[in-house]
file run_2.tsv (TSV, C-alpha atoms)
chain	number	residue	atom	x	y	z
A	1198	MET	CA	68.14	92.93	110.50
A	1199	ASN	CA	69.54	96.42	109.85
A	1200	ASP	CA	73.15	97.34	109.01
A	1201	SER	CA	74.11	98.23	112.60
A	1202	GLN	CA	72.90	94.86	113.87
A	1203	VAL	CA	74.81	93.01	111.16
A	1204	ILE	CA	77.95	95.00	112.01
A	1205	GLU	CA	77.49	94.13	115.67
A	1206	LEU	CA	77.36	90.42	114.76
A	1207	ILE	CA	80.55	90.73	112.68
A	1208	ARG	CA	82.30	92.47	115.55
A	1209	LYS	CA	81.30	89.60	117.81
A	1210	GLY	CA	83.09	87.23	115.45
A	1211	GLN	CA	80.40	86.16	113.01
A	1212	THR	CA	82.43	86.93	109.92
A	1213	GLU	CA	79.95	85.25	107.58
A	1214	ALA	CA	77.36	87.93	108.35
A	1215	TYR	CA	79.48	90.31	106.27
A	1216	GLY	CA	78.22	88.44	103.21
A	1217	ASP	CA	74.78	90.02	103.80
A	1218	LEU	CA	76.28	93.51	103.61
A	1219	VAL	CA	78.27	92.61	100.48
A	1220	ARG	CA	75.14	91.28	98.81
A	1221	GLN	CA	73.12	94.32	99.83
A	1222	TYR	CA	75.57	96.92	98.54
A	1223	HIS	CA	77.08	95.00	95.62
A	1224	LYS	CA	75.01	96.77	92.93
A	1225	ARG	CA	75.64	100.26	94.25
A	1226	VAL	CA	79.38	99.82	94.73
A	1227	MET	CA	79.83	97.94	91.48
A	1228	GLY	CA	77.68	100.47	89.61
A	1229	TYR	CA	79.72	103.36	90.93
A	1230	CYS	CA	83.02	101.62	90.13
A	1231	PHE	CA	81.82	100.85	86.62
A	1232	SER	CA	80.71	104.45	86.01
A	1233	MET	CA	84.03	105.76	87.25
A	1234	LEU	CA	86.33	103.18	85.66
A	1235	SER	CA	84.25	102.22	82.57
A	1236	ASN	CA	85.63	98.71	82.52
A	1237	ARG	CA	83.84	95.74	84.01
A	1238	THR	CA	86.97	93.82	84.99
A	1239	ASP	CA	88.55	96.83	86.66
A	1240	ALA	CA	85.25	97.68	88.33
A	1241	ASP	CA	84.90	94.13	89.68
A	1242	GLU	CA	88.44	94.14	91.06
A	1243	ALA	CA	88.02	97.60	92.58
A	1244	ALA	CA	84.68	96.66	94.17
A	1245	GLN	CA	86.24	93.57	95.75
A	1246	ASP	CA	89.11	95.64	97.15
A	1247	ILE	CA	86.61	98.16	98.53
A	1248	PHE	CA	84.60	95.52	100.40
A	1249	VAL	CA	87.75	93.91	101.81
A	1250	LYS	CA	89.06	97.33	102.85
A	1251	ALA	CA	85.70	98.14	104.49
A	1252	TYR	CA	85.82	94.85	106.40
A	1253	GLN	CA	89.34	95.51	107.63
A	1254	ASN	CA	88.34	98.99	108.80
A	1255	LEU	CA	85.01	98.03	110.33
A	1256	ASP	CA	86.40	98.86	113.79
A	1257	LYS	CA	86.83	102.46	112.65
A	1258	PHE	CA	83.17	102.73	111.72
A	1259	LYS	CA	81.69	104.61	114.66
A	1260	GLY	CA	78.17	104.93	113.35
A	1261	ASP	CA	78.28	108.75	113.03
A	1262	SER	CA	76.93	108.35	109.52
A	1263	SER	CA	75.05	105.45	107.96
A	1264	PHE	CA	77.04	102.41	106.86
A	1265	SER	CA	76.09	103.10	103.22
A	1266	THR	CA	77.57	106.63	103.39
A	1267	TRP	CA	80.73	105.30	105.03
A	1268	LEU	CA	81.06	102.56	102.43
A	1269	TYR	CA	80.40	105.07	99.69
A	1270	ARG	CA	83.18	107.30	101.00
A	1271	ILE	CA	85.62	104.38	100.79
A	1272	THR	CA	84.33	103.60	97.28
A	1273	ALA	CA	84.68	107.20	96.10
A	1274	ASN	CA	88.23	107.54	97.45
A	1275	HIS	CA	89.33	104.18	96.05
A	1276	CYS	CA	88.03	104.96	92.54
A	1277	LEU	CA	89.53	108.43	92.67
A	1278	ASP	CA	92.94	106.92	93.50
A	1279	ILE	CA	92.67	104.52	90.56
A	1280	LEU	CA	91.64	107.32	88.19
A	1281	ARG	CA	94.49	109.54	89.35
A	1282	LYS	CA	96.99	106.74	88.77
A	1283	ARG	CA	95.51	106.12	85.32
A	1284	ASN	CA	95.49	109.79	84.38
A	1285	ARG	CA	99.13	110.13	85.33
A	1286	ARG	CA	99.83	107.73	82.49
A	1287	LYS	CA	97.27	108.93	79.99
A	1288	ASN	CA	95.43	112.19	79.59
A	1289	VAL	CA	92.63	112.52	77.07
A	1290	SER	CA	92.44	115.91	75.41
A	1291	LEU	CA	89.28	117.11	73.75
A	1292	ASP	CA	90.96	117.64	70.39
A	1293	ASN	CA	92.49	114.16	70.40
A	1294	LEU	CA	89.10	112.70	71.16
A	1295	VAL	CA	87.46	114.56	68.27
A	1296	GLU	CA	90.25	113.51	65.91
A	1297	GLN	CA	90.14	109.85	66.88
A	1298	GLU	CA	86.52	109.23	67.82
A	1299	GLY	CA	84.48	112.01	66.21
A	1300	SER	CA	82.16	109.78	64.20
A	1301	GLN	CA	81.73	107.36	67.10
A	1302	VAL	CA	80.61	110.20	69.37
A	1303	GLN	CA	77.86	110.97	66.88
A	1304	LYS	CA	76.79	107.33	66.91
A	1305	LEU	CA	76.78	107.20	70.69
A	1306	PHE	CA	74.18	109.95	70.94
A	1307	ALA	CA	72.21	108.67	67.97
A	1308	THR	CA	71.17	105.48	69.81
A	1309	SER	CA	67.64	105.68	71.12
A	1310	SER	CA	68.10	104.54	74.70
A	1311	SER	CA	70.69	103.59	77.27
A	1312	ALA	CA	69.76	99.92	76.81
A	1313	ASP	CA	71.29	100.08	73.32
A	1314	ARG	CA	74.64	100.96	74.67
A	1315	HIS	CA	77.26	98.39	73.82
A	1316	LEU	CA	80.70	97.82	75.23
A	1317	GLU	CA	82.18	100.04	72.55
A	1318	ASN	CA	79.89	102.86	73.60
A	1319	ALA	CA	80.82	102.36	77.22
A	1320	GLN	CA	84.47	102.83	76.34
A	1321	LEU	CA	83.65	105.91	74.33
A	1322	ALA	CA	81.54	107.34	77.15
A	1323	HIS	CA	84.53	106.73	79.38
A	1324	LYS	CA	86.72	108.71	77.02
A	1325	ILE	CA	84.27	111.59	76.97
A	1326	LEU	CA	84.10	111.57	80.77
A	1327	SER	CA	87.90	111.44	80.89
A	1328	THR	CA	87.95	114.96	79.49
A	1329	LEU	CA	86.57	116.12	82.86
A	1330	SER	CA	88.64	116.43	86.02
A	1331	GLU	CA	88.48	113.47	88.44
A	1332	ASP	CA	86.49	115.53	90.94
A	1333	GLN	CA	83.95	116.61	88.35
A	1334	ARG	CA	83.58	113.06	87.13
A	1335	GLN	CA	83.17	111.82	90.69
A	1336	ILE	CA	80.38	114.20	91.63
A	1337	LEU	CA	78.56	113.67	88.33
A	1338	THR	CA	78.73	109.89	88.73
A	1339	MET	CA	77.29	110.13	92.23
A	1340	ARG	CA	74.37	112.22	91.04
A	1341	GLU	CA	73.69	110.92	87.54
A	1342	ALA	CA	74.67	107.25	87.71
A	1343	GLU	CA	73.88	106.48	91.32
A	1344	GLY	CA	71.11	109.01	91.87
A	1345	LEU	CA	72.48	110.07	95.26
A	1346	GLU	CA	70.67	112.97	96.91
A	1347	TYR	CA	72.60	116.22	97.38
A	1348	GLN	CA	72.72	115.62	101.13
A	1349	GLU	CA	74.18	112.12	100.64
A	1350	ILE	CA	76.82	113.51	98.27
A	1351	ALA	CA	77.69	116.18	100.85
A	1352	GLU	CA	78.08	113.54	103.57
A	1353	THR	CA	80.11	111.23	101.33
A	1354	LEU	CA	82.48	113.94	100.16
A	1355	GLY	CA	82.56	115.66	103.55
A	1356	CYS	CA	81.55	119.06	102.23
A	1357	SER	CA	78.62	121.46	102.57
A	1358	LEU	CA	75.38	121.29	100.62
A	1359	ASP	CA	76.23	124.59	98.93
A	1360	ALA	CA	79.59	123.20	97.85
A	1361	VAL	CA	77.83	120.20	96.29
A	1362	LYS	CA	75.42	122.50	94.41
A	1363	GLY	CA	78.28	124.62	93.09
A	1364	ARG	CA	80.51	121.70	92.13
A	1365	LEU	CA	77.71	119.82	90.45
A	1366	ALA	CA	76.64	122.87	88.46
A	1367	ARG	CA	80.23	123.49	87.31
A	1368	ALA	CA	80.72	119.82	86.37
A	1369	ARG	CA	77.50	119.76	84.33
A	1370	LYS	CA	78.42	122.98	82.58
A	1371	GLN	CA	81.88	121.64	81.77
A	1372	LEU	CA	80.45	118.39	80.42
A	1373	GLN	CA	78.01	120.25	78.18
A	1374	GLU	CA	80.78	122.56	76.95
A	1375	ASN	CA	83.04	119.59	76.16
A	1376	LEU	CA	80.26	117.85	74.27
A	1377	ARG	CA	79.45	121.02	72.36
A	1378	HIS	CA	83.14	121.36	71.49
A	1379	ILE	CA	83.27	117.75	70.23
A	1380	GLN	CA	80.07	118.26	68.25
A	1381	LYS	CA	81.28	121.54	66.75
A	1382	SER	CA	84.71	120.18	65.79
A	1383	TRP	CA	83.09	117.14	64.26
A	1384	ASP	CA	80.72	119.34	62.20
A	1385	VAL	CA	83.72	121.36	60.93
A	1386	GLN	CA	85.52	118.13	60.01
A	1387	ASN	CA	82.42	116.92	58.16
A	1388	VAL	CA	82.08	120.12	56.17
A	1389	GLU	CA	85.77	120.00	55.20
A	1390	THR	CA	85.55	116.35	54.11
A	1391	LYS	CA	82.44	117.10	52.07
A	1392	ARG	CA	84.15	120.10	50.43
A	1393	GLU	CA	87.20	117.97	49.55
A	1394	LYS	CA	84.93	115.35	47.98
A	1395	ASP	CA	83.06	118.01	45.96
A	1396	LEU	CA	86.33	119.40	44.66
B	1062	MET	CA	64.29	135.14	88.47
B	1063	LYS	CA	64.99	135.96	84.83
B	1064	HIS	CA	65.01	133.36	82.06
B	1065	ASP	CA	68.84	133.44	81.52
B	1066	GLU	CA	69.50	133.21	85.21
B	1067	LEU	CA	67.14	130.27	85.50
B	1068	LYS	CA	68.65	128.46	82.52
B	1069	GLU	CA	72.06	128.70	84.17
B	1070	LYS	CA	70.77	127.15	87.39
B	1071	LEU	CA	68.10	125.00	85.81
B	1072	LEU	CA	69.41	121.54	86.66
B	1073	GLY	CA	70.40	122.50	90.18
B	1074	LEU	CA	66.97	123.92	90.75
B	1075	TYR	CA	65.31	120.96	89.13
B	1076	ASP	CA	67.02	118.12	90.98
B	1077	GLY	CA	68.61	119.92	93.92
B	1078	PRO	CA	67.15	120.64	97.32
B	1079	VAL	CA	64.74	123.52	96.77
B	1080	SER	CA	61.70	124.81	98.57
B	1081	GLU	CA	58.25	123.78	97.43
B	1082	LYS	CA	57.64	127.33	96.16
B	1083	GLU	CA	60.80	127.28	94.02
B	1084	ARG	CA	59.97	123.85	92.63
B	1085	THR	CA	56.50	124.94	91.59
B	1086	TRP	CA	58.01	128.03	89.96
B	1087	VAL	CA	60.59	125.97	88.01
B	1088	GLU	CA	58.01	123.45	86.88
B	1089	THR	CA	55.64	126.20	85.73
B	1090	HIS	CA	58.46	127.87	83.81
B	1091	LEU	CA	59.53	124.60	82.19
B	1092	ALA	CA	56.00	123.94	81.06
B	1093	CYS	CA	55.81	127.18	79.12
B	1094	CYS	CA	59.46	127.78	78.07
B	1095	GLU	CA	60.54	125.65	75.12
B	1096	ASP	CA	64.15	126.76	75.33
B	1097	CYS	CA	64.59	125.67	78.96
B	1098	SER	CA	62.67	122.41	78.59
B	1099	ALA	CA	64.71	121.53	75.48
B	1100	ALA	CA	67.97	122.23	77.37
B	1101	MET	CA	66.76	120.06	80.22
B	1102	GLU	CA	65.77	117.21	77.91
B	1103	GLU	CA	69.11	117.42	76.07
B	1104	TYR	CA	71.03	117.16	79.32
B	1105	LYS	CA	68.93	114.25	80.56
B	1106	LYS	CA	69.53	112.37	77.32
B	1107	THR	CA	73.27	113.03	77.49
B	1108	ALA	CA	73.45	111.86	81.11
B	1109	ALA	CA	71.46	108.72	80.30
B	1110	HIS	CA	73.99	107.81	77.60
B	1111	LEU	CA	77.10	108.66	79.54
B	1112	PHE	CA	76.15	107.32	82.94
B	1113	ALA	CA	74.26	104.16	82.03
B	1114	VAL	CA	75.07	101.40	84.53
B	1115	PRO	CA	75.07	97.75	83.44
B	1116	THR	CA	72.65	95.36	85.04
B	1117	PHE	CA	73.89	92.64	87.39
B	1118	SER	CA	72.18	89.29	87.70
B	1119	GLU	CA	71.75	87.34	90.93
B	1120	ALA	CA	74.42	84.94	89.71
B	1121	ASP	CA	76.84	87.88	89.34
B	1122	GLU	CA	75.97	88.90	92.87
B	1123	ASP	CA	76.57	85.39	94.24
B	1124	ILE	CA	79.93	85.02	92.49
B	1125	PHE	CA	81.01	88.45	93.63
B	1126	THR	CA	79.97	87.82	97.25
B	1127	ALA	CA	81.79	84.47	97.23
B	1128	LYS	CA	85.00	86.12	95.98
B	1129	VAL	CA	84.84	88.86	98.61
B	1130	MET	CA	84.08	86.45	101.42
B	1131	ALA	CA	86.98	84.18	100.40
B	1132	ARG	CA	89.31	87.17	100.67
B	1133	VAL	CA	87.74	88.23	103.97
B	1134	ARG	CA	88.22	84.72	105.43
B	1135	GLU	CA	91.86	84.82	104.37
B	1136	LYS	CA	92.24	88.12	106.23
B	1137	VAL	CA	90.56	86.70	109.33
B	1138	LEU	CA	92.85	83.67	109.40
B	1139	ALA	CA	95.95	85.57	108.39
B	1140	PRO	CA	96.88	87.15	111.78
B	1141	SER	CA	96.93	83.80	113.76
B	1142	LEU	CA	98.79	82.07	110.93
B	1143	SER	CA	101.40	84.75	110.64
B	1144	PHE	CA	101.96	84.75	114.41
B	1145	SER	CA	102.57	81.00	114.52
B	1146	GLN	CA	104.76	81.27	111.43
B	1147	LEU	CA	106.65	84.10	113.06
B	1148	ALA	CA	107.08	82.02	116.23
B	1149	PHE	CA	108.37	78.96	114.38
B	1150	ARG	CA	110.53	80.78	111.86
B	1151	TRP	CA	112.11	83.47	114.00
B	1152	LEU	CA	111.28	83.51	117.68
B	1153	LEU	CA	112.18	79.88	118.51
B	1154	PRO	CA	115.53	79.85	116.64
B	1155	LEU	CA	116.33	83.26	118.14
B	1156	ALA	CA	115.57	82.05	121.67
B	1157	GLY	CA	117.58	78.84	121.07
B	1158	SER	CA	120.65	80.73	119.81
B	1159	THR	CA	120.44	83.14	122.75
B	1160	VAL	CA	120.44	80.23	125.20
B	1161	VAL	CA	123.42	78.59	123.43
B	1162	ALA	CA	125.33	81.90	123.31
B	1163	ALA	CA	124.67	82.50	127.01
B	1164	TRP	CA	125.79	78.97	127.89
B	1165	VAL	CA	129.02	79.38	125.87
B	1166	LEU	CA	129.74	82.79	127.43
B	1167	PHE	CA	129.01	81.93	131.02
B	1168	SER	CA	129.83	78.19	131.31
B	1169	VAL	CA	132.26	77.09	128.60
B	1170	LEU	CA	134.55	80.13	128.28
B	1171	PRO	CA	135.28	80.69	131.98
B	1172	SER	CA	136.18	76.96	132.39
B	1173	THR	CA	138.84	77.17	129.62
B	1174	PRO	CA	142.07	77.81	131.66
B	1175	GLU	CA	143.88	79.98	129.10
B	1176	LEU	CA	140.84	82.10	128.40
B	1177	ALA	CA	139.85	82.26	132.03
B	1178	ASN	CA	143.23	83.90	132.83
B	1179	ASN	CA	143.26	86.21	129.82
B	1180	ILE	CA	139.64	87.23	130.00
B	1181	ASN	CA	140.34	89.29	133.12
B	1182	ASP	CA	143.14	91.15	131.31
B	1183	PRO	CA	141.71	94.29	129.56
B	1184	SER	CA	144.35	94.11	126.82
B	1185	PHE	CA	142.82	90.77	125.76
B	1186	PHE	CA	139.95	92.66	124.09
B	1187	THR	CA	142.00	95.46	122.47
B	1188	PRO	CA	142.55	94.94	118.77
B	1189	GLN	CA	146.10	94.25	117.74
B	1190	THR	CA	147.71	95.26	114.48
B	1191	VAL	CA	148.34	92.37	112.20
B	1192	SER	CA	151.23	92.59	109.75
B	1193	ILE	CA	151.07	90.59	106.57
B	1194	ASN	CA	154.12	88.59	105.67
B	1195	ASP	CA	155.03	89.56	102.10
B	1196	ASN	CA	156.44	86.09	101.45
B	1197	ALA	CA	153.06	84.60	102.23
B	1198	LEU	CA	151.60	86.29	99.15
B	1199	THR	CA	154.31	85.15	96.67
B	1200	PRO	CA	153.39	81.98	94.76
B	1201	VAL	CA	155.29	78.90	95.74
B	1202	ALA	CA	157.31	77.38	92.88
B	1203	LEU	CA	156.63	73.72	92.33
B	1204	THR	CA	159.68	71.60	92.90
B	1205	SER	CA	160.14	68.30	91.08
B	1206	SER	CA	159.14	66.38	94.22
B	1207	ASN	CA	155.98	68.49	94.47
B	1208	GLU	CA	155.21	67.87	90.80
B	1209	GLU	CA	155.52	64.12	91.34
B	1210	MET	CA	153.23	64.38	94.30
B	1211	VAL	CA	150.57	66.27	92.29
B	1212	VAL	CA	150.79	63.79	89.40
B	1213	GLY	CA	150.38	60.96	91.96
B	1214	TRP	CA	147.19	62.60	93.32
B	1215	MET	CA	145.86	63.05	89.80
B	1216	ARG	CA	146.42	59.40	89.00
B	1217	GLN	CA	144.67	58.33	92.17
call {"tool": "encode", "arguments": {"input": "run_2.tsv", "output": "structure tokens"}}
result
Amino acid sequence: MNDSQVIELIRKGQTEAYGDLVRQYHKRVMGYCFSMLSNRTDADEAAQDIFVKAYQNLDKFKGDSSFSTWLYRITANHCLDILRKRNRRKNVSLDNLVEQEGSQVQKLFATSSSADRHLENAQLAHKILSTLSEDQRQILTMREAEGLEYQEIAETLGCSLDAVKGRLARARKQLQENLRHIQKSWDVQNVETKREKDL
Amino acid sequence: MKHDELKEKLLGLYDGPVSEKERTWVETHLACCEDCSAAMEEYKKTAAHLFAVPTFSEADEDIFTAKVMARVREKVLAPSLSFSQLAFRWLLPLAGSTVVAAWVLFSVLPSTPELANNINDPSFFTPQTVSINDNALTPVALTSSNEEMVVGWMRQ
């Protein structure tokens, strides 16, 4: 049974059929929430809210796009709202990050594969990603964490393919620049510490 | 396309929507340019570290689905519940008080002789100034008989 048929059943009153959709899209929604929020508890809560919100708005789903794109749009907007609220309270600057977490950043990239990443690393990765704007983080998460195609990203964000290309390129460039800045500052700190020890 | 230009657009050209001709060109260039292939590898490694997604077991999925469905069921039942609650808490008492008020206004008041006469007089509804008697606000001194009376009440 495809998504449209399941939605039809739900509209006819078979609420329990919604469980199939939840099960089907759980990994994608949860994965996106985790990449954006970098906290499993927050991601779980956000993902639940997203599915409940999608259920409540199922009448508004006209079928112009696929259900997955529509659900993804709700997911993206919901996570963006949470991030904006968070960032109003706390803003991570690059220099603060270098000062506080310099050595940890080195460790993060020293691990051989993503499977080695522990909770601590996840929090650190979150801090590094927090140095980007919410929009940059959003588009990078869609492409890098979720592996969405450019066309899917364009449909989800409601923009053109060219806009996706441009935004993605800028976000990647910014991320690389931030990492280079962290790396450079950390190298300078290391040299200074070594010099102090030698003296 | 020159090397610098390509390096700038490398990732977009590599994973973005490009023509078959462009893709072949990029792949050929990557195969022979160490600088570009190193930049590409570095970015891929960075992305793998920063955007790693945790794995979810089937049990996680089941628990999650159960939580969502419980909330969905609540939402489905909520509208009928709230309507009945609304009816019992507000609509019935409101209807009852309206009926009582109407009965008092149209049946009881007109049958009261004094009111029935006055109700037709327009001045009956005009507010009248009320003067406060100054003496009413001054405390009353307790006389000996009053004191005895109070003491009697206290004893009782």
call {"tool": "atom_distance", "arguments": {"input": "run_2.tsv", "atom1": "CA of Leu1072 in chain B", "atom2": "CA of Glu1341 in chain A"}}
result
11.5 Å
call {"tool": "residues_near_point", "arguments": {"input": "run_2.tsv", "point": "(85.9, 98.9, 95.8)", "cutoff": "8 Å", "atoms": "only C-alpha atoms", "output": "VMD selection string"}}
result
chain A and resid 1226 to 1227 1230 1240 to 1248 1250 1271 to 1272 1275 to 1276
call {"tool": "interface_residues", "arguments": {"input": "run_2.tsv", "of": "chain A", "to": "chain B", "cutoff": "6 Å", "atoms": "all atoms listed in the file", "output": "list in words"}}
result
Gly1228, Gln1245, Ser1311, Ala1322 and Ala1342 of chain A
call {"tool": "write_last_selection", "arguments": {"input": "run_2.tsv", "atoms": "C-alpha atoms", "output": "PDB file, in the coordinates of the input"}}
result
ATOM      1  CA  GLY A1228      77.680 100.470  89.610  1.00  0.00           C
ATOM      2  CA  GLN A1245      86.240  93.570  95.750  1.00  0.00           C
ATOM      3  CA  SER A1311      70.690 103.590  77.270  1.00  0.00           C
ATOM      4  CA  ALA A1322      81.540 107.340  77.150  1.00  0.00           C
ATOM      5  CA  ALA A1342      74.670 107.250  87.710  1.00  0.00           C
TER       6      ALA A1342
END
call {"tool": "atom_distance", "arguments": {"input": "run_2.tsv", "atom1": "CA of Ile1325 in chain A", "atom2": "CA of Trp1267 in chain A"}}
result
29.0 Å
call {"tool": "closest_residue", "arguments": {"input": "run_2.tsv", "among": "A:Leu1206, A:Leu1321, A:Lys1224, A:Glu1352", "to": "Ser1263 in chain A", "atoms": "all atoms listed in the file"}}
result
A:Glu1352
call {"tool": "atom_distance", "arguments": {"input": "run_2.tsv", "atom1": "CA of Leu1358 in chain A", "atom2": "CA of Arg1270 in chain A"}}
result
16.0 Å
call {"tool": "closest_residue", "arguments": {"input": "run_2.tsv", "among": "A:Arg1364, A:Arg1237, A:Arg1220, A:Lys1381", "to": "Tyr1347 in chain A", "atoms": "all atoms listed in the file"}}
result
A:Arg1364
